[in-house]
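Q: One structure, pasted below without further comment.
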Amino acid sequence: MTFDTCGIIGNSSALQGVFRILAKVAPSDSTVLVTGESGTGKELLVRALHRNSKRAEKPLVPINCGAIPRELLESELFGHEKGAFTHAIRTKVGRFELAQGGTVFLDEIGEMDLALQVKILRVLQEREFERVGGTKTIKADVRVIAATNRDLEEEVSKGTFREDLFYRLNVIPLILPPLRERGPDILTLARHFLARFCTEHRSSALEPSPEVNAILQNYSWPGNVRELENFMERMSILCDGDQISVADLPDKILRETGVELPPPALVAETGGFRWPELSDLREHQLGLKEFLDHIEDRLLAQALSEVDGIKNKAAELLGIKRTTLIEKLKKKNML
Ligand SMILES: Nc1ncnc2c1ncn2[C@@H]1O[C@H](COP(=O)(O)OP(=O)(O)OP(=O)(O)O)[C@@H](O)[C@H]1O
Ligand SMILES: [Mg+2]
């Protein structure tokens, strides 16, 4: 059988491990629990699981357990009979019924409350359920795949997730590694997204400079692939020329990877002073506080260098107390 990875890009050994399990588990009917930090591609992986299963021609029905108010979730999942509760004007078919023959994707399962967890456990064990307010038992011919960015074992020990449901879901665990552990994939994905967004947003191609590539590989990507994707879209819109250079990178990335950012230039080309404009913040991709911090760093450093580091003289130049100056220098690690 040819295997469809559904656009999951990457060739790192960490991801290849995931593909190996995916290829084995997709054609089976087992329940799978996909875990991984936010933005690691859990949804893509679930789509690949379904696409490569015997149920591929039947629906994949997702439901985001974290996005639906808890009092509505049960009826979303299992449907309800007319008159089951005040606003149940007509009978509603739930997601488990819509998915007959296919797959139900319980996304953000960690957000589901304990009362509903019992009902999911029953569907998994007995393969049947009732609509809310209904008496007829309905057979559930569905495969269940769940995903979460929470550590469910920890939730179990805190008592917020049922242990029996955890074991029932975790028949096959599929763990998506964070992007920072996927080494070469960072640049492969960066190039892939850049190519895509450049076609969409500009007439010319764009590529990261070698320094930028090194920085991208060192950054921790807390938002994982989603963060990288959004970042490349931003670059495709904001960058002039055909290279992303270090100066184009946001302060957040530069700080974390230990790259010194040149302080914002406040002196206009003509030489005279001008007040900073909002566009300066935008140009340097800084927030107000970071921007002001840079200005302060620069003025403190200038004052100190003018008076050969003598603090009370520098304080005098700056019009602040010596103790205030020392406090600031300590905070900024400039002492
Ligand atoms: N390996 C990959 N190759 C290509 N695109 C990817 C990859 N992983 C993730 N993406 C893209 O990154 C974005 C986030 O992925 P996805 O929504 O699957 O993450 P998630 O783990 O479900 O996140 P969350 O926990 O926030 O729901 C999507 O646009 C997806 O297409
Ligand atoms: Mg998701």
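Here, A, B, ... name the chains of the structure tokens in the order displayed, residue numbers run from 1 inside each chain, and ligands are numbered from 1 in the same displayed order.
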Show me which residues are within 10 Å of ligand 2 counting only C-alpha atoms and all ligand atoms, and format the list as a list in words.
A: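 Those within range of ligand 2 are Gly36, Glu37, Ser38, Gly39, Thr40, Gly41, Lys42, Glu43, Leu44, Leu45, Val46, Asn64, Asp107, Glu108, Ala147, Thr148 and Asn149 of chain A.
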Q: Write a file of the just-selected residues containing all heavy atoms, as a short mmCIF file (atom, residue, chain, number, x, y, z; two decimals), in the first residue's frame.
A:
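The result, stored in part05.cif:
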data_model
loop_
_atom_site.label_atom_id
_atom_site.label_comp_id
_atom_site.auth_asym_id
_atom_site.auth_seq_id
_atom_site.Cartn_x
_atom_site.Cartn_y
_atom_site.Cartn_z
N GLY A 36 1.51 15.97 21.87
CA GLY A 36 2.59 16.83 21.40
C GLY A 36 2.25 18.26 21.74
O GLY A 36 1.07 18.60 21.86
N GLU A 37 3.28 19.07 21.87
CA GLU A 37 3.08 20.49 22.19
C GLU A 37 2.19 21.13 21.12
O GLU A 37 2.07 20.60 20.01
CB GLU A 37 4.43 21.22 22.21
CG GLU A 37 5.31 20.85 23.36
CD GLU A 37 6.66 21.57 23.31
OE1 GLU A 37 6.82 22.54 22.54
OE2 GLU A 37 7.55 21.13 24.05
N SER A 38 1.67 22.29 21.45
CA SER A 38 0.84 23.01 20.50
C SER A 38 1.62 23.33 19.22
O SER A 38 2.78 23.71 19.28
CB SER A 38 0.37 24.30 21.18
OG SER A 38 -0.37 25.04 20.28
N GLY A 39 0.98 23.13 18.08
CA GLY A 39 1.60 23.48 16.80
C GLY A 39 2.57 22.46 16.24
O GLY A 39 3.27 22.73 15.28
N THR A 40 2.59 21.25 16.83
CA THR A 40 3.55 20.24 16.33
C THR A 40 3.00 19.45 15.15
O THR A 40 3.71 18.64 14.56
CB THR A 40 3.96 19.24 17.45
OG1 THR A 40 2.78 18.85 18.14
CG2 THR A 40 4.95 19.85 18.41
N GLY A 41 1.71 19.65 14.83
CA GLY A 41 1.16 18.97 13.66
C GLY A 41 0.25 17.79 14.02
O GLY A 41 0.10 16.86 13.21
N LYS A 42 -0.35 17.85 15.20
CA LYS A 42 -1.20 16.72 15.62
C LYS A 42 -2.36 16.51 14.67
O LYS A 42 -2.70 15.39 14.32
CB LYS A 42 -1.71 16.95 17.06
CG LYS A 42 -0.59 16.99 18.09
CD LYS A 42 -1.12 17.07 19.51
CE LYS A 42 -1.74 18.40 19.84
NZ LYS A 42 -0.81 19.55 19.77
N GLU A 43 -2.94 17.63 14.25
CA GLU A 43 -4.10 17.50 13.37
C GLU A 43 -3.70 16.87 12.02
O GLU A 43 -4.40 16.00 11.51
CB GLU A 43 -4.74 18.87 13.17
CG GLU A 43 -6.01 18.76 12.41
CD GLU A 43 -6.88 20.01 12.51
OE1 GLU A 43 -6.71 20.80 13.45
OE2 GLU A 43 -7.72 20.16 11.61
N LEU A 44 -2.57 17.32 11.49
CA LEU A 44 -2.09 16.73 10.23
C LEU A 44 -1.89 15.23 10.38
O LEU A 44 -2.23 14.44 9.50
CB LEU A 44 -0.73 17.33 9.87
CG LEU A 44 -0.66 18.60 9.05
CD1 LEU A 44 0.77 18.88 8.65
CD2 LEU A 44 -1.54 18.45 7.81
N LEU A 45 -1.32 14.85 11.52
CA LEU A 45 -1.05 13.44 11.76
C LEU A 45 -2.34 12.62 11.83
O LEU A 45 -2.43 11.51 11.29
CB LEU A 45 -0.26 13.31 13.07
CG LEU A 45 0.34 11.95 13.37
CD1 LEU A 45 1.38 11.60 12.33
CD2 LEU A 45 1.00 11.93 14.75
N VAL A 46 -3.34 13.19 12.48
CA VAL A 46 -4.63 12.49 12.58
C VAL A 46 -5.24 12.32 11.19
O VAL A 46 -5.77 11.26 10.85
CB VAL A 46 -5.59 13.26 13.52
CG1 VAL A 46 -6.99 12.65 13.47
CG2 VAL A 46 -5.05 13.25 14.95
N ASN A 64 -13.65 19.60 18.54
CA ASN A 64 -12.70 20.21 19.45
C ASN A 64 -13.34 20.31 20.84
O ASN A 64 -14.18 21.16 21.10
CB ASN A 64 -12.33 21.60 18.93
CG ASN A 64 -11.22 22.20 19.77
OD1 ASN A 64 -11.11 21.93 20.96
ND2 ASN A 64 -10.40 23.01 19.13
N ASP A 107 -10.40 16.10 19.50
CA ASP A 107 -9.26 17.00 19.66
C ASP A 107 -9.35 17.66 21.04
O ASP A 107 -10.44 17.91 21.54
CB ASP A 107 -9.30 18.06 18.55
CG ASP A 107 -7.94 18.68 18.32
OD1 ASP A 107 -6.97 18.28 18.99
OD2 ASP A 107 -7.84 19.58 17.46
N GLU A 108 -8.17 17.93 21.61
CA GLU A 108 -8.09 18.54 22.95
C GLU A 108 -8.91 17.75 23.97
O GLU A 108 -9.66 18.32 24.76
CB GLU A 108 -8.53 20.00 22.91
CG GLU A 108 -7.60 20.83 22.05
CD GLU A 108 -7.87 22.33 22.18
OE1 GLU A 108 -8.33 22.75 23.25
OE2 GLU A 108 -7.61 23.03 21.21
N ALA A 147 -6.49 13.60 20.56
CA ALA A 147 -5.24 14.35 20.60
C ALA A 147 -5.27 15.34 21.76
O ALA A 147 -6.35 15.77 22.19
CB ALA A 147 -5.03 15.12 19.29
N THR A 148 -4.11 15.63 22.27
CA THR A 148 -4.02 16.60 23.36
C THR A 148 -2.61 17.17 23.44
O THR A 148 -1.65 16.52 23.04
CB THR A 148 -4.38 15.96 24.72
OG1 THR A 148 -4.27 16.96 25.74
CG2 THR A 148 -3.45 14.82 25.08
N ASN A 149 -2.52 18.43 23.93
CA ASN A 149 -1.18 18.94 24.20
C ASN A 149 -0.89 18.90 25.69
O ASN A 149 0.13 19.40 26.16
CB ASN A 149 -0.96 20.35 23.62
CG ASN A 149 -2.03 21.31 24.04
OD1 ASN A 149 -2.65 21.13 25.08
ND2 ASN A 149 -2.27 22.33 23.24
#
Q: Extract, using only C-alpha atoms, all DNA, RNA and protein residues at most 10 Å from Thr323 (chain A), discarding same-chain residues fewer than 4 positions from it, and format them as a ChimeraX atom specification.
A: /A:311-312,315,327-329
Q: Identify which of the residues A:Val123, A:Val118, A:Met334, A:Leu278 lies closest to Arg298 (chain A), counting only C-alpha atoms when measuring atom-to-atom distances.
A: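 Among the listed residues, A:Met334 lies closest to Arg298 (chain A).
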Q: Please identify all polymer residues within 6 Å of region 96-104 of chain A, counting only C-alpha atoms, omitting same-chain residues fewer than 5 positions from it, and present them as a PDB file with N, CA, C and O atoms, in the first residue's frame.
A:
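Written file, selection33.pdb:
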ATOM      1  N   ARG A  55     -10.880   3.048   6.638  1.00  0.00           N
ATOM      2  CA  ARG A  55     -12.048   3.920   6.704  1.00  0.00           C
ATOM      3  C   ARG A  55     -11.890   5.191   5.874  1.00  0.00           C
ATOM      4  O   ARG A  55     -12.714   6.107   5.969  1.00  0.00           O
ATOM      5  N   LYS A  58     -14.713   6.893   4.230  1.00  0.00           N
ATOM      6  CA  LYS A  58     -15.804   7.336   5.117  1.00  0.00           C
ATOM      7  C   LYS A  58     -15.373   8.627   5.809  1.00  0.00           C
ATOM      8  O   LYS A  58     -14.212   9.016   5.753  1.00  0.00           O
ATOM      9  N   PRO A  59     -16.310   9.282   6.496  1.00  0.00           N
ATOM     10  CA  PRO A  59     -15.940  10.596   7.043  1.00  0.00           C
ATOM     11  C   PRO A  59     -14.931  10.561   8.191  1.00  0.00           C
ATOM     12  O   PRO A  59     -14.895   9.602   8.975  1.00  0.00           O
ATOM     13  N   LEU A  60     -14.131  11.619   8.248  1.00  0.00           N
ATOM     14  CA  LEU A  60     -13.326  11.903   9.437  1.00  0.00           C
ATOM     15  C   LEU A  60     -14.047  13.064  10.109  1.00  0.00           C
ATOM     16  O   LEU A  60     -14.151  14.141   9.534  1.00  0.00           O
ATOM     17  N   VAL A  61     -14.569  12.827  11.289  1.00  0.00           N
ATOM     18  CA  VAL A  61     -15.374  13.866  11.942  1.00  0.00           C
ATOM     19  C   VAL A  61     -14.637  14.396  13.159  1.00  0.00           C
ATOM     20  O   VAL A  61     -14.500  13.698  14.164  1.00  0.00           O
ATOM     21  N   PRO A  62     -14.134  15.623  13.067  1.00  0.00           N
ATOM     22  CA  PRO A  62     -13.393  16.175  14.199  1.00  0.00           C
ATOM     23  C   PRO A  62     -14.313  16.890  15.165  1.00  0.00           C
ATOM     24  O   PRO A  62     -15.358  17.411  14.767  1.00  0.00           O
ATOM     25  N   LEU A  77     -21.644  15.468  20.624  1.00  0.00           N
ATOM     26  CA  LEU A  77     -21.033  14.158  20.395  1.00  0.00           C
ATOM     27  C   LEU A  77     -22.067  13.081  20.081  1.00  0.00           C
ATOM     28  O   LEU A  77     -21.906  12.301  19.150  1.00  0.00           O
ATOM     29  N   PHE A  78     -23.125  13.069  20.879  1.00  0.00           N
ATOM     30  CA  PHE A  78     -24.062  11.939  20.783  1.00  0.00           C
ATOM     31  C   PHE A  78     -25.411  12.315  20.182  1.00  0.00           C
ATOM     32  O   PHE A  78     -26.258  11.457  19.972  1.00  0.00           O
ATOM     33  N   ASP A 141     -20.029   2.365  14.919  1.00  0.00           N
ATOM     34  CA  ASP A 141     -18.957   1.742  14.136  1.00  0.00           C
ATOM     35  C   ASP A 141     -17.961   2.840  13.778  1.00  0.00           C
ATOM     36  O   ASP A 141     -17.931   3.344  12.662  1.00  0.00           O
ATOM     37  N   VAL A 142     -17.185   3.243  14.759  1.00  0.00           N
ATOM     38  CA  VAL A 142     -16.226   4.324  14.512  1.00  0.00           C
ATOM     39  C   VAL A 142     -14.883   3.975  15.125  1.00  0.00           C
ATOM     40  O   VAL A 142     -14.798   3.208  16.080  1.00  0.00           O
ATOM     41  N   ARG A 143     -13.877   4.531  14.506  1.00  0.00           N
ATOM     42  CA  ARG A 143     -12.564   4.467  15.132  1.00  0.00           C
ATOM     43  C   ARG A 143     -12.370   5.796  15.861  1.00  0.00           C
ATOM     44  O   ARG A 143     -12.744   6.847  15.332  1.00  0.00           O
ATOM     45  N   VAL A 144     -11.796   5.737  17.046  1.00  0.00           N
ATOM     46  CA  VAL A 144     -11.587   6.972  17.796  1.00  0.00           C
ATOM     47  C   VAL A 144     -10.101   7.318  17.828  1.00  0.00           C
ATOM     48  O   VAL A 144      -9.256   6.477  18.140  1.00  0.00           O
TER      49      VAL A 144
END
Q: Which is closer to ligand 1 than all the others in A:Val32, A:Ala195, A:Leu325, A:Ile186, using only C-alpha atoms and all ligand atoms?
A: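 Selected residue with least distance to ligand 1: A:Ile186.
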Q: Please list as a list in words every residue within 9 Å of Leu299 (chain A), counting only C-alpha atoms and excluding residues in the same chain fewer than 5 positions away.
A: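 After dropping sequence-adjacent residues, the list is His294, Leu304 and Leu318 of chain A.
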Q: With N, CA and C atoms retained, could you export that selection as an mmCIF file, in the first residue's frame?
A:
data_model
loop_
_atom_site.group_PDB
_atom_site.id
_atom_site.type_symbol
_atom_site.label_atom_id
_atom_site.label_comp_id
_atom_site.auth_asym_id
_atom_site.auth_seq_id
_atom_site.Cartn_x
_atom_site.Cartn_y
_atom_site.Cartn_z
ATOM 1 N N HIS A 294 15.764 49.624 24.873
ATOM 2 C CA HIS A 294 16.930 49.814 24.001
ATOM 3 C C HIS A 294 17.443 51.241 24.088
ATOM 4 N N LEU A 304 27.935 56.572 30.712
ATOM 5 C CA LEU A 304 29.047 55.927 31.430
ATOM 6 C C LEU A 304 30.360 56.066 30.662
ATOM 7 N N LEU A 318 22.738 62.123 33.449
ATOM 8 C CA LEU A 318 21.419 61.572 33.092
ATOM 9 C C LEU A 318 20.291 62.231 33.872
#
Q: From the options A:Gln125, A:Asn230, A:Gln285, A:Asn170, which residue's atoms come nearest to ligand 1, counting only C-alpha atoms and all ligand atoms?
A: A:Asn230
Q: Which is closest to Ala84 (chain A) among A:Asp297, A:Glu130, A:Asp164, A:Glu57, if we use only C-alpha atoms?
A: A:Glu130
Q: Provide the CA of Leu254 (chain A) to CA of Leu281 (chain A) distance in Å, to one decimal place.
A: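 We find that CA of Leu254 (chain A) and CA of Leu281 (chain A) lie 15.6 Å from each other.
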Q: Can you list, as number ranges by chain, every residue of region 50-263 of chain A that DSSP puts in alpha helix (DSSP H)?
A: A: 50-51, 70-78, 95-98, 114-126, 152-158, 163-169, 185-201, 210-218, 224-238, 251-256
Q: Quick one: distance from CA of Glu128 (chain A) to atom 21 (O, counted along the ligand's line) of ligand 1 in Å, one decimal?
A: 29.1 Å
Q: Find the spatial neighbours of Lys92 (chain A), counting only C-alpha atoms, within a cut-off of 8 Å - ignore same-chain residues fewer than 6 positions away - and output them as a VMD selection string.
A: chain A and resid 75 79 to 82
Q: Fewer than 6 positions away in the same chain doesn't count, so skip those; otherwise give me all residues within 12 Å of Ile120 (chain A), counting only C-alpha atoms, as a PyMOL selection string.
A: chain A and resi 65+73-74+77-78+96+104+106+109+112-114+126-130+140+144-146+162+164-166+168-169
Q: Point out the residue among A:Pro208, A:Gly287, A:Gly133, A:Gly110 with the least atom-to-atom distance to Leu187 (chain A), counting only C-alpha atoms.
A: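 Counting only C-alpha atoms, the residue closest to Leu187 (chain A) is A:Pro208.
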Q: Write out as a ChimeraX atom specification each polymer residue whose atoms come within 7 Å of Phe161 (chain A), counting only C-alpha atoms; drop sequence neighbours fewer than 5 positions from it.
A: /A:114,152,155-156
Q: Restricting the calculation to only C-alpha atoms, which member of A:Asp29, A:Ser157, A:Ala88, A:Gly309 is positioned closest to Leu124 (chain A)?
A: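 Using only C-alpha atoms, Leu124 (chain A) sits closest to A:Asp29.
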Q: Can you measure CA of Leu72 (chain A) to atom 30 (C, counted along the ligand's line) of ligand 1 for me? One decimal in Å is fine.
A: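 Distance between the two atoms: 27.7 Å.
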Q: Would you mind writing down, as a list in words, each residue of region 197-251 of chain A that DSSP on the backbone assigns to strand (DSSP E)?
A: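 Those in region 197-251 of chain A that DSSP calls strand (DSSP E) are Glu207, Pro208, Gln243 and Ile244 of chain A.
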